[in-house]
Amino acid sequence: MAERIPPTSEAAPADVAVVGAGPAGLSAAVVAAEHGLHVVLIDAGRQTGGQYWRHPDERHRDAFAAPESTGHHHWRHYTDLRDRLSAAVASGRLRHLAGRQVWRTDGYGDRVALRTSAVTGTDTLPHAERTTWARRLVIATGAYDRQLPVPGWTLPGVMAAGGVQAMLKANQVRAGRRAVVAGTGPFLLSVAAGLAQAGVEVVEVVDANALTRWAETPLRALQEPGKLWEGVGYAATFLRHRVPFRTRTVVSAVRGTGRVSEVELSRVDGEGRIRPGSSRTVAADLVAFGWGFTPQLELAVGLGLRTRIDVDGSLVIDVDDDLRASDPLVFAAGEVTGIGGAIASCAEGELAGSAVARDLGVPTDARTTARHRRRLQRGRRFAIGMHRASPVPAAWDQWLTPETHICRCEEVTAAEVTDAVDALRADDARDVRVTARPGMGLCQGRVCGFALSKLVATGTGRDVDAGTGGDVDAAALESLTNRQVGVPVSLGDLASLVPHHPNQEES
């Protein structure tokens, strides 16, 4: 982090700021507070739990028919963390800033400044209080659904699998009546089972890969026996609700007038090439796509932290055994260091919380640290096996038509991306972004960035890696992630970075 002169409005720093209140961030904040540190927990959500433990509004529990734990795994682990958080807040060791997002981070020598703004509505905090100062920072911003475009994927009724599940968990609302769940990986099973239990007719669950890929790494699958039991539960749900599950099958097109009405399913080979004559059509009003997850790294890239490409082709923060990033003041935990699941994220959060305490001179228990590290090693071995068994098919781009939108915000088609590479000689994703405008809309490439980078890698003649659907280096993904402003903010927030003239009144 570059040495900078702090502004004169600097407040006394907290010991540690934790960004994100999902499994990793919540665990890190609680453990750090229990070690006696002064902690600030910042999260865009109104209540804790993140995406994994998303649940109905705690202020209106009586308004929902089912308990808040409905559809959740490891719910007691979450409620324990929630109780410990409440105790830390009551003790004065922890401050929870809910409904606030960090839109920029800056380093000033031995501390970090986190610029925050309200997620919705008018920001009632004075400008001076919208900046949180901390001696250490833990980034636990989690991940969001990775999406691959197919013809018709912009129709109403096509959703990310995580979004479908979020509606069930947080609002107990079904996103459709007849659903196709498609993509790859075990998350599809969770989403489909939840839909079936909620009364949705799940027409089919289709995975682009074969289950036999797990046989290539059987020992890795055994690292997480709890996941195997979850799989048994999903299988029982599928049998009870007569949900068909097919492998080596993809959604090759979505059709409808005004919204989804039918889905084309096609058989594919091991590389993802559609088998001639294998396509068929089913009626559905909901398509839930799940192609894995993309870590949310705007803060990390903005700080200049070292990154790397993980097994699944995602850009992740490079950390050491204590989860310290390349900047000595910054730690990272959870999906931002590699997609591995909620319980592994909890272990990472606890390890990060104790590592920060140790770094600030507070004694920690060596046996607990060793136990967390062993837990992380098991989780990491399982995650590697999962990613190898459930890759994005290498030939997925062959499902596209020239008219398929790659960037839905700017309505940039596959043909326009190809033209930028072939005719305009754009040789990386950033060049294509400048010339053809994909990733220049409201989402700033969060939805289309992964697919765009893969298409450009293929179009420029780079070697295709069957494990990740195309070879892309860290620099290419960083170029799509590097934003000086991490989230949409008001002009007033931007103006607050500029020192005011003494004669100006503070708003």
# chains A, B, ... in the order shown; residues from 1 in each chain; ligands from 1
$ select_by_dssp --residues "range 397-490 of chain A" --states "strand (DSSP E)" --output "NGL selection string"
:A and (405-407 or 412-413)
$ closest_atom_pairs --of "range 277-371 of chain A" --to "range 51-54 of chain A" --cutoff "12 Å" --atoms "only C-alpha atoms" --output "CSV"
residue,atom,partner,partner_atom,distance
A:Phe293,CA,A:Gln51,CA,11.8
A:Gly334,CA,A:Tyr52,CA,11.7
A:Glu335,CA,A:Tyr52,CA,11.4
A:Gly341,CA,A:Tyr52,CA,9.0
A:Ala342,CA,A:Tyr52,CA,7.0
A:Ile343,CA,A:Tyr52,CA,10.2
A:Ser345,CA,A:Tyr52,CA,10.6
A:Cys346,CA,A:Tyr52,CA,11.3
$ residues_around --residues "range 397-399 of chain A" --least-positions-apart "6" --cutoff "10 Å" --atoms "only C-alpha atoms" --output "PDB file with N, CA, C and O atoms, in the first residue's frame"
ATOM      1  N   LEU A 148     -22.903 -17.868 -17.965  1.00  0.00           N
ATOM      2  CA  LEU A 148     -22.496 -18.059 -19.358  1.00  0.00           C
ATOM      3  C   LEU A 148     -23.686 -17.738 -20.248  1.00  0.00           C
ATOM      4  O   LEU A 148     -24.791 -18.218 -19.997  1.00  0.00           O
ATOM      5  N   PRO A 149     -23.490 -16.945 -21.283  1.00  0.00           N
ATOM      6  CA  PRO A 149     -24.606 -16.622 -22.168  1.00  0.00           C
ATOM      7  C   PRO A 149     -24.966 -17.790 -23.074  1.00  0.00           C
ATOM      8  O   PRO A 149     -24.103 -18.549 -23.506  1.00  0.00           O
ATOM      9  N   VAL A 150     -26.257 -17.935 -23.325  1.00  0.00           N
ATOM     10  CA  VAL A 150     -26.772 -18.844 -24.354  1.00  0.00           C
ATOM     11  C   VAL A 150     -27.875 -18.089 -25.091  1.00  0.00           C
ATOM     12  O   VAL A 150     -28.399 -17.091 -24.576  1.00  0.00           O
ATOM     13  N   PRO A 151     -28.236 -18.506 -26.278  1.00  0.00           N
ATOM     14  CA  PRO A 151     -29.330 -17.833 -26.983  1.00  0.00           C
ATOM     15  C   PRO A 151     -30.595 -17.779 -26.130  1.00  0.00           C
ATOM     16  O   PRO A 151     -31.060 -18.800 -25.622  1.00  0.00           O
ATOM     17  N   VAL A 250     -27.005 -29.861 -21.689  1.00  0.00           N
ATOM     18  CA  VAL A 250     -26.972 -28.422 -21.451  1.00  0.00           C
ATOM     19  C   VAL A 250     -28.237 -27.777 -22.003  1.00  0.00           C
ATOM     20  O   VAL A 250     -28.941 -28.365 -22.832  1.00  0.00           O
ATOM     21  N   VAL A 251     -28.512 -26.573 -21.520  1.00  0.00           N
ATOM     22  CA  VAL A 251     -29.533 -25.730 -22.147  1.00  0.00           C
ATOM     23  C   VAL A 251     -28.852 -25.017 -23.306  1.00  0.00           C
ATOM     24  O   VAL A 251     -27.989 -24.161 -23.107  1.00  0.00           O
ATOM     25  N   SER A 252     -29.205 -25.366 -24.515  1.00  0.00           N
ATOM     26  CA  SER A 252     -28.563 -24.766 -25.689  1.00  0.00           C
ATOM     27  C   SER A 252     -29.327 -23.558 -26.217  1.00  0.00           C
ATOM     28  O   SER A 252     -28.781 -22.779 -27.014  1.00  0.00           O
ATOM     29  N   ALA A 253     -30.573 -23.344 -25.768  1.00  0.00           N
ATOM     30  CA  ALA A 253     -31.342 -22.166 -26.166  1.00  0.00           C
ATOM     31  C   ALA A 253     -32.558 -22.039 -25.262  1.00  0.00           C
ATOM     32  O   ALA A 253     -33.092 -23.035 -24.758  1.00  0.00           O
ATOM     33  N   SER A 266     -29.773 -30.123 -24.992  1.00  0.00           N
ATOM     34  CA  SER A 266     -28.940 -30.850 -25.956  1.00  0.00           C
ATOM     35  C   SER A 266     -27.908 -31.680 -25.215  1.00  0.00           C
ATOM     36  O   SER A 266     -27.350 -31.249 -24.186  1.00  0.00           O
ATOM     37  N   GLY A 272     -17.995 -30.416 -24.406  1.00  0.00           N
ATOM     38  CA  GLY A 272     -19.124 -29.502 -24.462  1.00  0.00           C
ATOM     39  C   GLY A 272     -19.677 -29.280 -25.847  1.00  0.00           C
ATOM     40  O   GLY A 272     -20.552 -28.418 -26.034  1.00  0.00           O
ATOM     41  N   ARG A 273     -19.220 -30.042 -26.834  1.00  0.00           N
ATOM     42  CA  ARG A 273     -19.757 -29.912 -28.191  1.00  0.00           C
ATOM     43  C   ARG A 273     -21.109 -30.628 -28.280  1.00  0.00           C
ATOM     44  O   ARG A 273     -21.246 -31.747 -27.815  1.00  0.00           O
ATOM     45  N   ILE A 274     -22.085 -29.958 -28.872  1.00  0.00           N
ATOM     46  CA  ILE A 274     -23.427 -30.522 -28.973  1.00  0.00           C
ATOM     47  C   ILE A 274     -23.433 -31.701 -29.942  1.00  0.00           C
ATOM     48  O   ILE A 274     -22.890 -31.617 -31.054  1.00  0.00           O
ATOM     49  N   ALA A 414     -22.328 -11.602 -29.586  1.00  0.00           N
ATOM     50  CA  ALA A 414     -21.144 -12.433 -29.827  1.00  0.00           C
ATOM     51  C   ALA A 414     -20.455 -12.012 -31.116  1.00  0.00           C
ATOM     52  O   ALA A 414     -19.211 -12.004 -31.196  1.00  0.00           O
ATOM     53  N   ALA A 451     -17.288 -14.645 -19.177  1.00  0.00           N
ATOM     54  CA  ALA A 451     -17.545 -15.137 -20.535  1.00  0.00           C
ATOM     55  C   ALA A 451     -16.764 -14.332 -21.562  1.00  0.00           C
ATOM     56  O   ALA A 451     -16.207 -14.897 -22.517  1.00  0.00           O
ATOM     57  N   LYS A 454     -13.128 -15.389 -21.673  1.00  0.00           N
ATOM     58  CA  LYS A 454     -12.957 -16.689 -22.319  1.00  0.00           C
ATOM     59  C   LYS A 454     -13.083 -16.583 -23.834  1.00  0.00           C
ATOM     60  O   LYS A 454     -12.319 -17.195 -24.584  1.00  0.00           O
ATOM     61  N   LEU A 455     -14.064 -15.809 -24.300  1.00  0.00           N
ATOM     62  CA  LEU A 455     -14.237 -15.636 -25.741  1.00  0.00           C
ATOM     63  C   LEU A 455     -13.015 -14.976 -26.375  1.00  0.00           C
ATOM     64  O   LEU A 455     -12.565 -15.370 -27.451  1.00  0.00           O
ATOM     65  N   THR A 458     -10.122 -17.445 -26.578  1.00  0.00           N
ATOM     66  CA  THR A 458     -10.285 -18.365 -27.700  1.00  0.00           C
ATOM     67  C   THR A 458     -10.054 -17.658 -29.027  1.00  0.00           C
ATOM     68  O   THR A 458      -9.379 -18.178 -29.930  1.00  0.00           O
ATOM     69  N   GLY A 469     -12.416 -23.964 -19.397  1.00  0.00           N
ATOM     70  CA  GLY A 469     -13.151 -23.427 -20.524  1.00  0.00           C
ATOM     71  C   GLY A 469     -12.406 -22.343 -21.260  1.00  0.00           C
ATOM     72  O   GLY A 469     -12.995 -21.521 -21.933  1.00  0.00           O
ATOM     73  N   GLY A 470     -11.094 -22.315 -21.187  1.00  0.00           N
ATOM     74  CA  GLY A 470     -10.307 -21.297 -21.883  1.00  0.00           C
ATOM     75  C   GLY A 470      -9.221 -20.761 -20.979  1.00  0.00           C
ATOM     76  O   GLY A 470      -9.419 -20.574 -19.786  1.00  0.00           O
TER      77      GLY A 470
END
$ select_by_dssp --residues "range 327-408 of chain A" --states "alpha helix (DSSP H)" --output "JSON, numbers by chain"
{"A": [342, 343, 344, 345, 346, 347, 348, 349, 350, 351, 352, 353, 354, 355, 356, 357, 358, 359, 366, 367, 368, 369, 370, 371, 372, 373, 374, 375, 376, 377, 378, 379, 380, 381, 382, 383, 384, 385, 386, 387, 388, 389]}
$ closest_residue --among "A:Asn171, A:Glu271, A:Leu189, A:Val158" --to "Ala236 in chain A" --atoms "only C-alpha atoms"
A:Leu189
$ residues_around --residues "Pro56 in chain A" --least-positions-apart "5" --cutoff "7 Å" --atoms "only C-alpha atoms" --output "number ranges by chain"
A: 61, 68, 169-171
$ write_last_selection --atoms "all heavy atoms" --output "tab-separated table (two decimals), in the first residue's frame"
chain	number	residue	atom	x	y	z
A	61	ARG	N	-40.63	-11.90	11.60
A	61	ARG	CA	-40.61	-13.36	11.51
A	61	ARG	C	-42.01	-13.95	11.46
A	61	ARG	O	-42.24	-14.98	10.83
A	61	ARG	CB	-39.83	-13.93	12.69
A	61	ARG	CG	-38.34	-13.61	12.66
A	61	ARG	CD	-37.62	-14.14	13.87
A	61	ARG	NE	-36.21	-13.79	13.87
A	61	ARG	CZ	-35.37	-14.02	14.87
A	61	ARG	NH1	-35.81	-14.61	15.97
A	61	ARG	NH2	-34.11	-13.67	14.78
A	68	GLU	N	-37.36	-19.47	9.84
A	68	GLU	CA	-36.28	-18.80	9.12
A	68	GLU	C	-35.18	-19.77	8.72
A	68	GLU	O	-34.38	-19.48	7.82
A	68	GLU	CB	-35.69	-17.67	9.96
A	68	GLU	CG	-35.06	-18.13	11.26
A	68	GLU	CD	-34.40	-16.98	12.03
A	68	GLU	OE1	-34.36	-15.85	11.50
A	68	GLU	OE2	-33.92	-17.22	13.14
A	169	LYS	N	-35.06	-18.47	0.15
A	169	LYS	CA	-34.59	-18.36	1.52
A	169	LYS	C	-35.04	-17.07	2.19
A	169	LYS	O	-35.49	-17.08	3.34
A	169	LYS	CB	-33.05	-18.43	1.54
A	169	LYS	CG	-32.47	-19.80	1.27
A	169	LYS	CD	-30.95	-19.76	1.36
A	169	LYS	CE	-30.33	-21.14	1.23
A	169	LYS	NZ	-28.85	-21.10	1.35
A	170	ALA	N	-34.91	-15.95	1.47
A	170	ALA	CA	-35.17	-14.66	2.10
A	170	ALA	C	-36.64	-14.27	2.08
A	170	ALA	O	-37.13	-13.63	3.01
A	170	ALA	CB	-34.35	-13.57	1.41
A	171	ASN	N	-37.35	-14.68	1.04
A	171	ASN	CA	-38.74	-14.23	0.89
A	171	ASN	C	-39.75	-15.37	0.85
A	171	ASN	O	-40.96	-15.12	0.81
A	171	ASN	CB	-38.88	-13.40	-0.39
A	171	ASN	CG	-37.90	-12.26	-0.44
A	171	ASN	OD1	-36.92	-12.31	-1.18
A	171	ASN	ND2	-38.12	-11.23	0.36
$ residues_around --residues "range 363-369 of chain A" --least-positions-apart "6" --cutoff "10 Å" --atoms "only C-alpha atoms" --output "list in words"
His35, Asp322, Ala347, Glu350, Leu351, Ala352, Ser354, Ala355, Val356, Ala357 and Arg375 of chain A
$ closest_atom_pairs --of "range 212-310 of chain A" --to "range 93-111 of chain A" --cutoff "8 Å" --atoms "only C-alpha atoms" --output "Markdown table"
| residue | atom | partner | partner_atom | distance |
| --- | --- | --- | --- | --- |
| A:Leu299 | CA | A:Thr105 | CA | 6.6 |
| A:Gly302 | CA | A:Thr105 | CA | 7.3 |
| A:Leu303 | CA | A:Thr105 | CA | 6.8 |
$ atom_distance --atom1 "CA of Thr404 in chain A" --atom2 "CA of Val417 in chain A"
10.6 Å
$ residues_around --residues "Arg84 in chain A" --least-positions-apart "3" --cutoff "12 Å" --atoms "only C-alpha atoms" --output "list in words"
Leu26, Ser27, Ala28, Ala29, Val30, Val31, Ala32, Ala33, Glu34, His77, Tyr78, Thr79, Asp80, Leu81, Ala87, Ala88, Val89, Ala90, Ser91, Arg93 and Leu94 of chain A
$ residues_around --residues "Leu168 in chain A" --least-positions-apart "4" --cutoff "9 Å" --atoms "only C-alpha atoms" --output "mmCIF file with all heavy atoms, in the first residue's frame"
data_model
loop_
_atom_site.group_PDB
_atom_site.id
_atom_site.type_symbol
_atom_site.label_atom_id
_atom_site.label_comp_id
_atom_site.auth_asym_id
_atom_site.auth_seq_id
_atom_site.Cartn_x
_atom_site.Cartn_y
_atom_site.Cartn_z
ATOM 1 N N HIS A 55 -31.870 -15.113 4.928
ATOM 2 C CA HIS A 55 -33.092 -15.583 5.586
ATOM 3 C C HIS A 55 -34.097 -14.442 5.694
ATOM 4 O O HIS A 55 -33.755 -13.271 5.471
ATOM 5 C CB HIS A 55 -32.765 -16.159 6.968
ATOM 6 C CG HIS A 55 -32.015 -15.215 7.870
ATOM 7 N ND1 HIS A 55 -30.666 -14.954 7.719
ATOM 8 C CD2 HIS A 55 -32.423 -14.447 8.917
ATOM 9 C CE1 HIS A 55 -30.270 -14.098 8.636
ATOM 10 N NE2 HIS A 55 -31.319 -13.762 9.367
ATOM 11 N N THR A 70 -35.633 -22.573 7.213
ATOM 12 C CA THR A 70 -36.090 -23.409 6.102
ATOM 13 C C THR A 70 -35.120 -23.349 4.924
ATOM 14 O O THR A 70 -34.745 -22.265 4.465
ATOM 15 C CB THR A 70 -37.482 -22.954 5.630
ATOM 16 O OG1 THR A 70 -38.398 -23.044 6.718
ATOM 17 C CG2 THR A 70 -37.970 -23.823 4.481
ATOM 18 N N GLY A 71 -34.717 -24.525 4.448
ATOM 19 C CA GLY A 71 -33.832 -24.598 3.284
ATOM 20 C C GLY A 71 -32.362 -24.415 3.585
ATOM 21 O O GLY A 71 -31.545 -24.371 2.657
ATOM 22 N N GLY A 163 -29.787 -16.593 -7.345
ATOM 23 C CA GLY A 163 -30.913 -15.682 -7.192
ATOM 24 C C GLY A 163 -32.215 -16.413 -6.921
ATOM 25 O O GLY A 163 -33.036 -15.974 -6.108
ATOM 26 N N VAL A 164 -32.408 -17.538 -7.597
ATOM 27 C CA VAL A 164 -33.597 -18.361 -7.357
ATOM 28 C C VAL A 164 -33.615 -18.836 -5.914
ATOM 29 O O VAL A 164 -34.654 -18.788 -5.229
ATOM 30 C CB VAL A 164 -33.627 -19.549 -8.334
ATOM 31 C CG1 VAL A 164 -34.728 -20.531 -7.966
ATOM 32 C CG2 VAL A 164 -33.809 -19.060 -9.765
ATOM 33 N N GLN A 172 -39.244 -16.618 0.806
ATOM 34 C CA GLN A 172 -40.099 -17.792 0.694
ATOM 35 C C GLN A 172 -41.046 -17.647 -0.501
ATOM 36 O O GLN A 172 -42.239 -17.939 -0.438
ATOM 37 C CB GLN A 172 -40.867 -18.029 1.994
ATOM 38 C CG GLN A 172 -39.930 -18.312 3.172
ATOM 39 C CD GLN A 172 -40.634 -18.609 4.476
ATOM 40 O OE1 GLN A 172 -41.848 -18.701 4.520
ATOM 41 N NE2 GLN A 172 -39.868 -18.755 5.551
ATOM 42 N N VAL A 173 -40.455 -17.188 -1.630
ATOM 43 C CA VAL A 173 -41.189 -16.951 -2.863
ATOM 44 C C VAL A 173 -40.618 -17.845 -3.957
ATOM 45 O O VAL A 173 -39.397 -17.940 -4.127
ATOM 46 C CB VAL A 173 -41.081 -15.471 -3.288
ATOM 47 C CG1 VAL A 173 -41.629 -15.269 -4.699
ATOM 48 C CG2 VAL A 173 -41.820 -14.588 -2.301
ATOM 49 N N ARG A 174 -41.478 -18.487 -4.708
ATOM 50 C CA ARG A 174 -41.064 -19.314 -5.837
ATOM 51 C C ARG A 174 -40.943 -18.446 -7.091
ATOM 52 O O ARG A 174 -41.839 -17.656 -7.389
ATOM 53 C CB ARG A 174 -42.081 -20.428 -6.075
ATOM 54 C CG ARG A 174 -42.189 -21.406 -4.917
ATOM 55 C CD ARG A 174 -43.356 -22.353 -5.090
ATOM 56 N NE ARG A 174 -44.634 -21.628 -5.000
ATOM 57 C CZ ARG A 174 -45.828 -22.224 -5.017
ATOM 58 N NH1 ARG A 174 -45.900 -23.545 -5.132
ATOM 59 N NH2 ARG A 174 -46.928 -21.522 -4.933
ATOM 60 N N ALA A 175 -39.848 -18.598 -7.804
ATOM 61 C CA ALA A 175 -39.601 -17.763 -8.989
ATOM 62 C C ALA A 175 -40.341 -18.256 -10.223
ATOM 63 O O ALA A 175 -40.335 -17.577 -11.255
ATOM 64 C CB ALA A 175 -38.097 -17.707 -9.278
ATOM 65 N N GLY A 194 -34.495 -27.471 -3.304
ATOM 66 C CA GLY A 194 -35.264 -26.417 -2.645
ATOM 67 C C GLY A 194 -36.509 -26.047 -3.421
ATOM 68 O O GLY A 194 -37.586 -25.836 -2.835
ATOM 69 N N LEU A 195 -36.394 -25.965 -4.742
ATOM 70 C CA LEU A 195 -37.555 -25.666 -5.567
ATOM 71 C C LEU A 195 -38.611 -26.763 -5.453
ATOM 72 O O LEU A 195 -39.809 -26.483 -5.308
ATOM 73 C CB LEU A 195 -37.136 -25.499 -7.022
ATOM 74 C CG LEU A 195 -36.390 -24.208 -7.382
ATOM 75 C CD1 LEU A 195 -35.847 -24.296 -8.809
ATOM 76 C CD2 LEU A 195 -37.305 -22.999 -7.234
ATOM 77 N N ALA A 198 -40.469 -26.654 -2.321
ATOM 78 C CA ALA A 198 -41.355 -25.488 -2.246
ATOM 79 C C ALA A 198 -42.579 -25.639 -3.141
ATOM 80 O O ALA A 198 -43.408 -24.727 -3.198
ATOM 81 C CB ALA A 198 -40.578 -24.230 -2.627
#
$ atom_distance --atom1 "CA of Ser314 in chain A" --atom2 "CA of Asp419 in chain A"
25.7 Å
$ closest_residue --among "A:Arg425, A:Arg135, A:Arg358, A:His60" --to "Val40 in chain A" --atoms "only C-alpha atoms"
A:Arg135
